[in-house]
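Asker: For reference, this is protein.txt, and it has compact mmCIF, C-alpha atoms and all ligand atoms.
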# COMPACT_ATOMS: atom_id res chain seq x y z
CA MET Y 203 99.78 -2.86 145.51
CA SER Y 204 99.51 0.95 145.77
CA LYS Y 205 96.20 2.29 147.00
CA VAL Y 206 96.66 5.37 144.82
CA THR Y 207 94.93 5.48 141.45
CA LEU Y 208 93.85 8.26 139.15
CA SER Y 209 90.23 8.99 138.43
CA TYR Y 210 88.97 9.54 134.88
CA PRO Y 211 85.48 10.95 134.42
CA HIS Y 212 83.31 9.09 131.90
CA PRO Y 213 80.03 10.17 130.36
CA PRO Y 214 77.06 8.10 131.55
CA ALA Y 215 76.39 6.81 128.03
CA ARG Y 216 78.33 6.36 124.81
CA PRO Y 217 76.89 5.97 121.26
CA ASP Y 218 76.12 2.27 121.56
CA GLN Y 219 74.29 2.74 124.87
CA ALA Y 220 70.90 4.07 125.95
CA PRO Y 221 70.90 7.66 127.29
CA ASP Y 222 71.23 7.78 131.06
CA PHE Y 223 70.30 10.86 133.09
CA SER Y 224 69.55 8.99 136.30
CA ARG Y 225 72.23 11.05 138.09
CA ILE Y 226 70.16 14.21 137.71
CA ASP Y 227 68.02 15.26 140.63
CA ARG Y 228 64.65 16.68 139.56
CA SER Y 229 63.34 18.49 142.62
CA ALA Y 230 59.84 19.92 142.13
CA PRO Y 231 59.24 23.54 141.08
CA GLY Y 232 58.74 25.59 144.20
CA ALA Y 233 61.25 23.63 146.27
CA LEU Y 234 63.43 26.74 146.62
CA ASP Y 235 62.21 30.17 147.66
CA VAL Y 236 63.43 33.58 146.46
CA PRO Y 237 66.42 34.64 148.55
CA PRO Y 238 66.90 38.25 149.65
CA LEU Y 239 68.95 40.35 147.22
CA ASP Y 240 71.69 40.77 149.82
CA ILE Y 241 72.09 37.02 150.48
CA THR Y 242 75.64 35.98 151.34
CA ALA Y 243 77.61 33.22 149.67
CA GLN Y 244 77.46 31.20 152.91
CA ASP Y 245 73.67 31.14 152.79
CA CYS Y 246 73.60 30.29 149.09
CA TRP Y 247 74.51 26.61 149.29
CA PRO Y 248 70.94 25.28 148.76
CA TYR Y 249 70.53 27.54 145.71
CA ALA Y 250 73.94 26.61 144.29
CA VAL Y 251 73.30 22.86 144.42
CA GLY Y 252 69.53 22.90 143.94
CA LEU Y 253 67.66 23.88 140.80
CA ILE Y 254 65.24 26.77 140.40
CA ARG Y 255 62.20 25.68 138.39
CA VAL Y 256 58.89 27.40 137.69
CA LEU Y 257 57.15 25.25 135.07
CA ASP Y 258 56.19 21.71 136.04
CA ASP Y 259 55.98 18.79 133.60
CA ASP Y 260 52.40 19.71 132.67
CA GLY Y 261 53.28 23.33 131.90
CA GLN Y 262 51.81 24.77 135.10
CA ALA Y 263 53.71 27.66 136.74
CA ALA Y 264 54.13 27.17 140.47
CA GLY Y 265 56.06 28.28 143.54
CA PRO Y 266 57.63 31.44 144.96
CA TRP Y 267 59.60 32.24 141.81
CA ALA Y 268 56.36 32.30 139.81
CA ASP Y 269 54.93 34.74 142.39
CA TYR Y 270 58.10 36.81 142.22
CA LEU Y 271 57.61 37.23 138.46
CA GLY Y 272 54.08 38.43 139.04
CA ASP Y 273 51.34 38.25 136.44
CA LEU Y 274 52.89 37.91 133.02
CA THR Y 275 50.71 39.24 130.23
CA ALA Y 276 49.89 37.02 127.27
CA ASP Y 277 51.87 39.46 125.09
CA ARG Y 278 54.98 39.00 127.19
CA LEU Y 279 54.78 35.23 126.81
CA LYS Y 280 54.10 35.48 123.09
CA GLN Y 281 57.15 37.70 122.74
CA GLY Y 282 59.25 35.05 124.50
CA LEU Y 283 57.92 32.27 122.32
CA ARG Y 284 58.44 34.28 119.13
CA ASP Y 285 62.02 35.14 120.19
CA MET Y 286 62.80 31.45 120.68
CA LEU Y 287 61.09 30.36 117.48
CA ARG Y 288 62.82 33.11 115.46
CA MET Y 289 66.13 31.95 116.95
CA ARG Y 290 65.38 28.37 115.91
CA ALA Y 291 64.38 29.44 112.41
CA VAL Y 292 67.66 31.36 111.98
CA ASP Y 293 69.65 28.39 113.28
CA GLN Y 294 67.94 25.92 110.96
CA ARG Y 295 68.33 28.05 107.85
CA MET Y 296 71.94 29.00 108.58
CA GLN Y 297 72.90 25.40 109.32
CA ASN Y 298 71.50 24.52 105.89
CA ALA Y 299 73.26 27.50 104.29
CA GLN Y 300 76.58 26.15 105.59
CA ARG Y 301 75.77 22.69 104.22
CA GLN Y 302 75.07 24.35 100.85
CA GLY Y 303 78.55 25.87 100.94
CA LYS Y 304 77.27 29.44 101.21
CA THR Y 305 79.17 30.15 104.44
CA SER Y 306 82.18 28.46 106.01
CA PHE Y 307 80.96 27.77 109.51
CA TYR Y 308 77.88 27.80 111.69
CA LEU Y 309 76.98 26.90 115.24
CA GLN Y 310 73.46 26.35 116.58
CA CYS Y 311 72.09 26.92 120.09
CA THR Y 312 69.25 24.40 119.81
CA GLY Y 313 67.75 23.61 123.22
CA GLU Y 314 69.41 26.66 124.84
CA GLU Y 315 67.19 29.36 123.31
CA ALA Y 316 65.34 30.23 126.53
CA ILE Y 317 68.49 31.34 128.32
CA GLY Y 318 69.62 34.20 126.08
CA CYS Y 319 66.09 35.12 124.97
CA GLY Y 320 64.83 35.40 128.55
CA PHE Y 321 67.92 37.04 130.07
CA GLN Y 322 68.13 39.73 127.38
CA ARG Y 323 64.49 40.74 127.89
CA GLN Y 324 65.34 41.57 131.54
CA LEU Y 325 68.40 43.72 130.79
CA GLY Y 326 68.19 47.49 130.53
CA GLU Y 327 69.43 49.91 127.91
CA GLY Y 328 73.21 50.32 128.08
CA ASP Y 329 73.87 47.05 129.93
CA MET Y 330 76.55 44.97 128.22
CA ASN Y 331 76.77 41.23 127.53
CA PHE Y 332 80.13 39.56 127.06
CA PRO Y 333 78.91 36.47 125.22
CA THR Y 334 80.33 33.27 123.82
CA TYR Y 335 79.62 32.04 120.30
CA ARG Y 336 76.47 30.21 121.50
CA GLN Y 337 74.50 33.23 122.76
CA GLN Y 338 73.13 34.50 119.46
CA SER Y 339 69.75 34.35 121.24
CA LEU Y 340 70.78 37.54 123.10
CA LEU Y 341 70.91 39.34 119.76
CA ILE Y 342 67.53 37.97 118.68
CA ALA Y 343 65.85 39.16 121.89
CA ALA Y 344 67.61 42.54 121.58
CA ASP Y 345 65.83 42.92 118.21
CA TYR Y 346 69.14 43.09 116.38
CA PRO Y 347 68.38 43.47 112.64
CA LEU Y 348 68.41 40.10 110.89
CA GLU Y 349 70.18 41.73 107.92
CA SER Y 350 73.23 42.46 110.09
CA LEU Y 351 73.09 39.05 111.78
CA LEU Y 352 73.02 37.19 108.48
CA GLY Y 353 75.39 39.63 106.75
CA GLN Y 354 78.03 38.77 109.38
CA LEU Y 355 77.56 35.07 108.66
CA TYR Y 356 78.09 35.62 104.93
CA SER Y 357 80.94 38.14 105.43
CA ASN Y 358 79.50 40.37 102.71
CA ASP Y 359 79.03 44.14 102.66
CA LEU Y 360 76.06 43.87 105.06
CA ASP Y 361 78.46 42.47 107.65
CA PRO Y 362 79.02 45.20 110.27
CA LEU Y 363 82.54 43.76 110.69
CA GLN Y 364 83.22 43.74 106.94
CA GLY Y 365 84.49 40.17 106.92
CA ARG Y 366 87.15 40.73 109.58
CA GLN Y 367 85.84 37.97 111.85
CA LEU Y 368 84.93 34.31 111.60
CA PRO Y 369 81.21 33.86 110.86
CA ILE Y 370 79.25 33.69 114.19
CA MET Y 371 81.67 36.06 115.97
CA HIS Y 372 79.21 38.96 116.10
CA SER Y 373 79.82 42.36 117.61
CA ALA Y 374 76.99 44.82 118.29
CA ARG Y 375 77.79 47.50 120.85
CA ASP Y 376 74.48 49.32 120.41
CA TYR Y 377 72.62 46.11 121.19
CA GLY Y 378 74.58 45.33 124.35
CA PHE Y 379 76.63 42.59 122.69
CA PHE Y 380 80.40 42.86 123.11
CA SER Y 381 82.68 41.44 120.36
CA ILE Y 382 83.02 37.67 120.63
CA SER Y 383 86.50 36.24 120.94
CA GLY Y 384 87.42 32.78 119.70
CA ASN Y 385 89.64 32.34 122.75
CA LEU Y 386 87.41 30.77 125.36
CA GLY Y 387 87.16 32.49 128.71
CA THR Y 388 88.58 35.90 127.78
CA GLN Y 389 85.14 37.54 127.87
CA TYR Y 390 84.68 36.67 131.56
CA VAL Y 391 87.50 38.91 132.75
CA GLN Y 392 86.38 41.60 130.33
CA ALA Y 393 82.87 41.51 131.80
CA VAL Y 394 84.26 42.04 135.30
CA GLY Y 395 86.44 44.91 134.06
CA TRP Y 396 83.51 46.55 132.30
CA ALA Y 397 81.38 46.22 135.43
CA MET Y 398 84.17 47.84 137.46
CA ALA Y 399 84.13 50.75 135.02
CA CYS Y 400 80.33 51.02 135.42
CA ALA Y 401 80.80 51.28 139.20
CA LEU Y 402 83.54 53.89 138.85
CA ARG Y 403 81.37 55.96 136.53
CA GLY Y 404 78.31 55.48 138.69
CA ASN Y 405 76.15 55.02 135.60
CA ASP Y 406 73.85 52.29 137.01
CA LYS Y 407 74.68 49.94 134.14
CA ILE Y 408 75.68 46.35 134.64
CA ALA Y 409 77.72 43.76 132.74
CA ALA Y 410 76.88 40.13 132.07
CA GLY Y 411 79.60 37.56 131.42
CA TRP Y 412 78.88 34.29 129.64
CA ILE Y 413 80.89 31.08 129.63
CA GLY Y 414 80.32 27.40 128.79
CA ASP Y 415 80.76 24.55 131.26
CA GLY Y 416 83.93 23.37 129.50
CA ALA Y 417 85.51 26.83 129.50
CA THR Y 418 85.14 27.16 133.28
CA ALA Y 419 88.32 25.05 133.27
CA SER Y 420 90.21 28.09 131.94
CA ASN Y 421 92.38 30.34 134.07
CA ASP Y 422 90.30 33.31 132.95
CA PHE Y 423 87.23 31.92 134.70
CA HIS Y 424 89.05 31.88 138.04
CA SER Y 425 90.76 35.26 137.50
CA ALA Y 426 87.36 36.78 136.77
CA LEU Y 427 85.82 35.30 139.91
CA LEU Y 428 88.67 36.51 142.07
CA SER Y 429 88.50 40.08 140.70
CA ALA Y 430 84.72 40.06 141.08
CA SER Y 431 85.09 38.85 144.65
CA VAL Y 432 87.64 41.54 145.51
CA TYR Y 433 86.05 44.59 143.86
CA GLN Y 434 82.33 43.65 144.05
CA PRO Y 435 81.35 45.20 140.70
CA PRO Y 436 77.82 44.95 139.25
CA VAL Y 437 78.27 41.83 137.15
CA VAL Y 438 76.10 38.77 136.50
CA LEU Y 439 78.37 35.85 135.65
CA ASN Y 440 76.51 33.21 133.66
CA VAL Y 441 77.70 29.62 133.22
CA VAL Y 442 75.81 27.75 130.52
CA ASN Y 443 76.15 24.10 131.48
CA ASN Y 444 74.95 22.26 128.38
CA GLN Y 445 76.61 18.97 129.46
CA TRP Y 446 79.22 18.94 126.68
CA ALA Y 447 82.36 20.79 125.58
CA ILE Y 448 82.54 19.59 121.96
CA SER Y 449 83.08 15.84 122.58
CA THR Y 450 84.23 16.22 126.18
CA TYR Y 451 81.72 15.23 128.83
CA THR Y 452 80.97 17.97 131.37
CA GLY Y 453 82.35 15.86 134.24
CA VAL Y 454 85.87 16.63 133.02
CA ALA Y 455 85.51 20.37 133.72
CA ALA Y 456 83.40 19.81 136.83
CA GLY Y 457 85.63 17.29 138.63
CA ARG Y 458 84.12 16.44 142.00
CA SER Y 459 82.46 19.84 142.39
CA GLN Y 460 78.77 19.17 142.80
CA THR Y 461 77.78 21.99 140.45
CA TYR Y 462 79.42 24.89 138.62
CA ALA Y 463 77.43 27.33 140.75
CA ALA Y 464 79.04 25.83 143.85
CA ARG Y 465 82.47 26.91 142.58
CA ALA Y 466 81.53 30.54 143.20
CA LEU Y 467 80.97 30.00 146.92
CA GLY Y 468 84.68 29.45 147.51
CA TYR Y 469 85.22 32.94 146.14
CA GLY Y 470 82.55 34.33 148.46
CA ILE Y 471 80.24 35.03 145.52
CA PRO Y 472 76.55 34.08 145.82
CA ALA Y 473 75.39 31.58 143.21
CA ILE Y 474 72.19 30.04 141.99
CA ARG Y 475 71.42 27.13 139.66
CA VAL Y 476 68.48 27.23 137.28
CA ASP Y 477 66.60 25.03 134.84
CA GLY Y 478 67.68 26.77 131.64
CA ASN Y 479 64.96 25.08 129.58
CA ASP Y 480 62.22 26.78 131.59
CA TYR Y 481 61.57 30.23 130.07
CA LEU Y 482 59.74 31.45 133.19
CA ALA Y 483 62.55 30.34 135.50
CA VAL Y 484 64.98 32.19 133.21
CA LEU Y 485 62.91 35.39 133.40
CA ALA Y 486 62.54 35.14 137.18
CA VAL Y 487 66.16 34.44 138.08
CA SER Y 488 67.48 36.96 135.52
CA LYS Y 489 65.25 39.61 137.09
CA TRP Y 490 66.54 38.73 140.57
CA ALA Y 491 70.22 38.67 139.58
CA ILE Y 492 70.06 41.85 137.51
CA GLU Y 493 68.22 43.76 140.25
CA ARG Y 494 70.76 42.45 142.72
CA ALA Y 495 73.74 43.65 140.66
CA ARG Y 496 72.14 47.03 139.93
CA GLY Y 497 71.21 47.41 143.57
CA GLY Y 498 74.86 47.39 144.62
CA HIS Y 499 74.94 43.88 146.10
CA GLY Y 500 77.94 42.82 144.02
CA PRO Y 501 78.55 39.92 141.65
CA VAL Y 502 76.45 36.79 141.33
CA ILE Y 503 76.87 33.56 139.40
CA ILE Y 504 74.03 31.81 137.62
CA GLU Y 505 74.50 28.26 136.37
CA TRP Y 506 72.01 27.58 133.60
CA PHE Y 507 71.40 23.85 133.53
CA THR Y 508 70.60 22.79 129.98
CA TYR Y 509 71.48 20.44 127.17
CA ARG Y 510 73.23 21.09 123.83
CA ALA Y 511 70.68 19.37 121.58
CA ALA Y 512 72.55 19.93 118.30
CA ALA Y 513 76.13 19.29 117.27
CA HIS Y 514 78.85 21.56 118.70
CA SER Y 515 79.18 23.21 115.28
CA THR Y 516 79.01 22.38 111.58
CA SER Y 517 82.45 20.74 112.01
CA ASP Y 518 81.21 18.24 114.59
CA ASP Y 519 79.38 14.90 114.54
CA PRO Y 520 78.05 14.01 118.01
CA SER Y 521 76.96 10.53 116.93
CA ALA Y 522 80.64 9.61 117.33
CA TYR Y 523 80.69 10.27 121.07
CA ARG Y 524 77.26 10.42 122.70
CA ALA Y 525 74.10 8.33 122.87
CA LYS Y 526 71.91 8.82 119.82
CA ASP Y 527 68.69 9.87 121.54
CA GLU Y 528 70.26 11.82 124.38
CA ALA Y 529 68.64 15.17 123.49
CA ALA Y 530 65.16 13.63 123.42
CA ALA Y 531 65.84 11.96 126.79
CA TRP Y 532 66.91 15.21 128.52
CA PRO Y 533 64.77 15.27 131.67
CA PHE Y 534 63.94 18.99 131.35
CA GLY Y 535 62.52 18.79 127.85
CA ASP Y 536 62.65 21.41 125.14
CA PRO Y 537 62.25 25.10 126.04
CA VAL Y 538 59.94 25.93 123.13
CA GLU Y 539 57.63 22.98 123.81
CA ARG Y 540 57.48 23.79 127.51
CA LEU Y 541 56.55 27.46 127.08
CA LYS Y 542 54.05 26.48 124.39
CA ALA Y 543 52.39 23.97 126.76
CA HIS Y 544 52.17 26.65 129.46
CA MET Y 545 50.56 29.16 127.11
CA ILE Y 546 48.05 26.60 125.82
CA LEU Y 547 47.16 25.75 129.42
CA ARG Y 548 46.55 29.45 130.14
CA GLY Y 549 44.32 29.68 127.08
CA ASP Y 550 46.69 32.14 125.37
CA TRP Y 551 47.82 29.85 122.56
CA THR Y 552 46.79 26.91 120.35
CA GLU Y 553 48.59 24.26 118.30
CA ASP Y 554 47.29 25.90 115.13
CA ARG Y 555 48.59 29.34 116.06
CA HIS Y 556 51.90 27.75 116.93
CA GLU Y 557 52.23 26.09 113.52
CA GLN Y 558 51.18 29.30 111.82
CA THR Y 559 53.71 31.41 113.77
CA TRP Y 560 56.51 28.95 113.03
CA ALA Y 561 55.68 29.05 109.32
CA GLU Y 562 55.57 32.88 109.40
CA LEU Y 563 58.95 33.12 111.11
CA LEU Y 564 60.57 30.63 108.74
CA ALA Y 565 59.23 32.67 105.82
CA GLU Y 566 60.50 35.91 107.40
CA VAL Y 567 64.01 34.50 107.85
CA ALA Y 568 63.98 32.99 104.33
CA GLU Y 569 63.03 36.35 102.87
CA VAL Y 570 65.83 38.19 104.71
CA GLN Y 571 68.25 35.41 103.77
CA LYS Y 572 67.45 35.83 100.09
CA ARG Y 573 68.04 39.59 100.26
CA VAL Y 574 71.30 39.18 102.21
CA GLU Y 575 72.57 36.45 99.89
CA ALA Y 576 72.20 38.83 96.96
CA HIS Y 577 75.08 40.78 98.58
CA GLY Y 578 77.37 37.76 98.27
CA THR Y 579 77.95 34.28 99.67
CA PHE Y 580 80.81 31.79 99.43
CA VAL Y 581 79.36 30.38 96.21
CA ASN Y 582 78.63 33.83 94.81
CA PRO Y 583 81.33 36.00 96.39
CA LYS Y 584 81.26 39.77 96.25
CA PRO Y 585 84.37 40.61 98.24
CA VAL Y 586 84.47 43.84 100.18
CA SER Y 587 86.93 46.45 98.90
CA PRO Y 588 90.58 45.92 100.00
CA ALA Y 589 90.40 49.56 101.16
CA ALA Y 590 88.37 48.25 104.11
CA ILE Y 591 91.60 47.06 105.77
CA PHE Y 592 92.36 50.71 106.51
CA THR Y 593 89.10 51.43 108.31
CA GLY Y 594 87.68 50.60 111.70
CA VAL Y 595 90.86 50.86 113.79
CA TYR Y 596 91.88 54.53 114.00
CA ALA Y 597 89.48 57.45 114.46
CA ASP Y 598 92.10 59.59 112.68
CA MET Y 599 94.16 57.60 110.24
CA PRO Y 600 97.92 57.97 110.86
CA GLU Y 601 99.99 59.49 108.05
CA HIS Y 602 101.87 56.28 107.18
CA LEU Y 603 98.58 54.39 106.64
CA ARG Y 604 97.18 57.20 104.55
CA ARG Y 605 100.29 56.91 102.34
CA GLN Y 606 99.98 53.11 102.10
CA ARG Y 607 96.34 53.42 101.09
CA GLN Y 608 97.28 55.86 98.36
CA GLU Y 609 100.03 53.52 97.14
CA MET Y 610 97.36 50.81 96.84
CA GLY Y 611 95.35 53.15 94.70
CA TYR Y 612 92.46 53.86 97.09
C1 LIG T 701 91.39 28.99 125.00
C2 LIG T 701 90.69 28.02 124.10
N1 LIG T 701 90.90 26.71 124.25
C3 LIG T 701 90.31 25.81 123.43
C4 LIG T 701 89.48 26.24 122.41
C5 LIG T 701 88.82 25.22 121.49
N2 LIG T 701 87.40 25.09 121.79
C6 LIG T 701 86.45 25.77 121.11
S1 LIG T 701 84.90 25.47 121.67
C7 LIG T 701 85.47 24.41 122.85
C8 LIG T 701 84.51 23.74 123.82
C9 LIG T 701 83.86 24.70 124.77
O1 LIG T 701 82.84 24.05 125.50
P1 LIG T 701 81.93 24.84 126.49
O2 LIG T 701 82.71 25.87 127.22
O3 LIG T 701 81.19 23.85 127.31
O4 LIG T 701 80.92 25.65 125.53
P2 LIG T 701 79.82 25.06 124.53
O5 LIG T 701 80.49 24.89 123.19
O6 LIG T 701 79.30 23.80 125.08
O7 LIG T 701 78.75 26.11 124.43
C10 LIG T 701 86.86 24.28 122.79
C11 LIG T 701 87.66 23.42 123.66
C12 LIG T 701 89.31 27.64 122.27
N3 LIG T 701 88.52 28.15 121.33
N4 LIG T 701 89.91 28.50 123.11
MG MG T 702 79.26 23.13 127.05
Now, as a test, write the supplied structure out as structure tokens.

Answerer:
Amino acid sequence: MSKVTLSYPHPPARPDQAPDFSRIDRSAPGALDVPPLDITAQDCWPYAVGLIRVLDDDGQAAGPWADYLGDLTADRLKQGLRDMLRMRAVDQRMQNAQRQGKTSFYLQCTGEEAIGCGFQRQLGEGDMNFPTYRQQSLLIAADYPLESLLGQLYSNDLDPLQGRQLPIMHSARDYGFFSISGNLGTQYVQAVGWAMACALRGNDKIAAGWIGDGATASNDFHSALLSASVYQPPVVLNVVNNQWAISTYTGVAAGRSQTYAARALGYGIPAIRVDGNDYLAVLAVSKWAIERARGGHGPVIIEWFTYRAAAHSTSDDPSAYRAKDEAAAWPFGDPVERLKAHMILRGDWTEDRHEQTWAELLAEVAEVQKRVEAHGTFVNPKPVSPAAIFTGVYADMPEHLRRQRQEMGY
């Protein structure tokens, strides 16, 4: 009998089983200190396999990362909570809009709101994100107009891309949000390239790449890490580990690597792993990583440890492949509930104000939605002019295209 067998990773629980997160280590907030900005990859091992946390289970902020953040004003926390709630309101209403047939496709980021909302609030003007389709929270926290966000989803004349892209594939250069590509992984190499250009220009801007746990299996992930390791550009490389890649359990992309952050160490890139459902931990580590990149210390990888609470997209049904109550059993809770508990503990917030704010934000989104839908939806289409195919590519339209446009009668 051969001793050689192949190993196949299996999720800890399938639909007919109880959720099981016993494999996850929950070290206490404060277990890890704040490393110096010029820390080397060799010294990063504890940070790459540990987990930075600030909020404990009762909503208390504790430890060196809380001190590093300094005193956060009540307004700052309210802004964070409103960002996350606004994100959730948009997700809920757009999910429903897809179910009503008004748009072809939607994809929620439920449970992951803290990551983009917190990170964006630490970026500076002119910094550039290279996001995936699940970082719409970056746009919310960049105060991107809801009219443009929703217009893109309905592909009507309020869509800045004029219907040229799949709904959810936003592009907003002025808000630090590079065009999303449907091909997973491509944005990681682009982020490194952009950061190299920032260094060459000496403009003190940085780039931030974003990738999901599943997409770290792509060649682009490794090419990006190698280029970042060689040229040391100012880039923050984010891995959002939400435990699933559609129906594929995260263990398939991880293999025997202890964490995704640990992958970076082989490339000589410092890495840090963070509780992505802890808004304060997100603010603290984002601040550290962004300061580090801008300070000329080279690339850094952040693994955001989180859970995809909703379906992959409107085309997916997770009840077919994962335990029913898995989201509720996630050991790091829900980011909105955790920040809310912290603010109530500080005396800055109440349950009533929370309910009232949620109702206000839902009403705000519903009002914008109504206005945007008047410009056309899938059930009430108002197609953009065919002449739009001639715009948006050339600054000066070549002669042959000018002729073709005239032949079309525009
Ligand atoms: C190059 C490439 N391969 C496959 C796909 C199909 N695909 C779309 S989303 C997805 C799962 C990605 O999972 P992950 O990277 O964990 O991101 P998440 O959806 O969890 O945010 C796959 C395989 C694709 N879009 N591009
Ligand atoms: Mg994933």

Asker: Enumerate residues in contact with ligand MG 702 (chain T): an atom-to-atom distance of at most 8 Å, counting only C-alpha atoms and all ligand atoms. Format the result as a list of chain:residue names.

Answerer: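 Counting only C-alpha atoms and all ligand atoms, the residues within 8 Å of ligand MG 702 (chain T) come out as Y:Gly414, Y:Asp415, Y:Gly416, Y:Ala417, Y:Val442, Y:Asn443, Y:Asn444, Y:Gln445, Y:Trp446, Y:Ala447, Y:Ile448, Y:Thr452, Y:Arg510.
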
Asker: Measuring between all atoms listed in the file, which one of Y:Gln571, Y:Gln460, Y:Ser515, Y:Ser420 shows the shortest distance to Arg225 of chain Y?

Answerer: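 Checking each of Y:Gln571, Y:Gln460, Y:Ser515, Y:Ser420 against Arg225 of chain Y, counting all atoms listed in the file, the winner is Y:Gln460.
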
Asker: Give as a list of chain:residue names the set of residues within 7 Å of the point (76.6, 32.3, 150.3), where distances use the file's coordinates and all atoms listed in the file.

Answerer: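 Checked against the point, the hits come out as Y:Ile241, Y:Thr242, Y:Ala243, Y:Gln244, Y:Asp245, Y:Cys246, Y:Trp247, Y:Leu467, Y:Gly470, Y:Ile471, Y:Pro472.
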
Asker: Quick one: axis-aligned box around all listed atoms of ligand LIG 701 (chain T), 3 Å on every side, centre and edge lengths in Å to one decimal, written as AutoDock Vina command-line options.

Answerer:
--center_x 85.1 --center_y 26.2 --center_z 124.2 --size_x 18.6 --size_y 11.6 --size_z 12.2

Asker: Measuring between only C-alpha atoms, which one of Y:Asp536, Y:Asp598, Y:Asp527, Y:Asp273 shows the shortest distance to Arg290 of chain Y?

Answerer: Y:Asp536

Asker: Give me, please, the distance in Å between atom CA of Ala409 of chain Y and atom CA of Ala495 of chain Y, quoted to one decimal.

Answerer: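 Taking atom CA of Ala409 of chain Y and atom CA of Ala495 of chain Y, their separation equals 8.9 Å.
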
Asker: What is the atom CA of Trp396 of chain Y to atom CA of Gly318 of chain Y distance in Å?

Answerer: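 Those two atoms sit 19.6 Å apart.
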
Asker: Counting all atoms listed in the file, which residues have an atom no more than 12 Å from (66.7, 36.7, 138.2) in the file's coordinates? Please list them as JSON, numbers by chain.

Answerer: {"Y": [236, 237, 238, 239, 254, 255, 267, 268, 270, 271, 317, 320, 321, 322, 323, 324, 325, 438, 439, 440, 473, 474, 475, 476, 478, 481, 482, 483, 484, 485, 486, 487, 488, 489, 490, 491, 492, 493, 494, 495, 496, 502, 503, 504, 505, 506]}

Asker: At a cut-off of 7 Å, can you tabulate as JSON lines every residue of segment 410-514 of chain Y near segment 331-347 of chain Y together with its closest atom pair and the distance in Å to one decimal, using all atoms listed in the file and ordering rows by chain then number?

Answerer:
{"residue": "Y:Ala410", "atom": "CA", "partner": "Y:Asn331", "partner_atom": "CA", "distance": 4.7}
{"residue": "Y:Gly411", "atom": "CA", "partner": "Y:Phe332", "partner_atom": "CA", "distance": 4.8}
{"residue": "Y:Trp412", "atom": "CA", "partner": "Y:Pro333", "partner_atom": "CA", "distance": 4.9}
{"residue": "Y:Ile413", "atom": "CA", "partner": "Y:Thr334", "partner_atom": "CA", "distance": 6.2}

Asker: Write out as an mmCIF file with C-alpha atoms, in the frame of the given file each polymer residue whose atoms come within 8 Å of Tyr469 of chain Y, counting all atoms listed in the file; drop sequence neighbours fewer than 3 positions from it.

Answerer:
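selection-v2.cif, freshly written:
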data_model
loop_
_atom_site.group_PDB
_atom_site.id
_atom_site.type_symbol
_atom_site.label_atom_id
_atom_site.label_comp_id
_atom_site.auth_asym_id
_atom_site.auth_seq_id
_atom_site.Cartn_x
_atom_site.Cartn_y
_atom_site.Cartn_z
ATOM 1 C CA LEU Y 427 85.820 35.300 139.910
ATOM 2 C CA LEU Y 428 88.670 36.510 142.070
ATOM 3 C CA SER Y 431 85.090 38.850 144.650
ATOM 4 C CA ARG Y 465 82.470 26.910 142.580
ATOM 5 C CA ALA Y 466 81.530 30.540 143.200
#
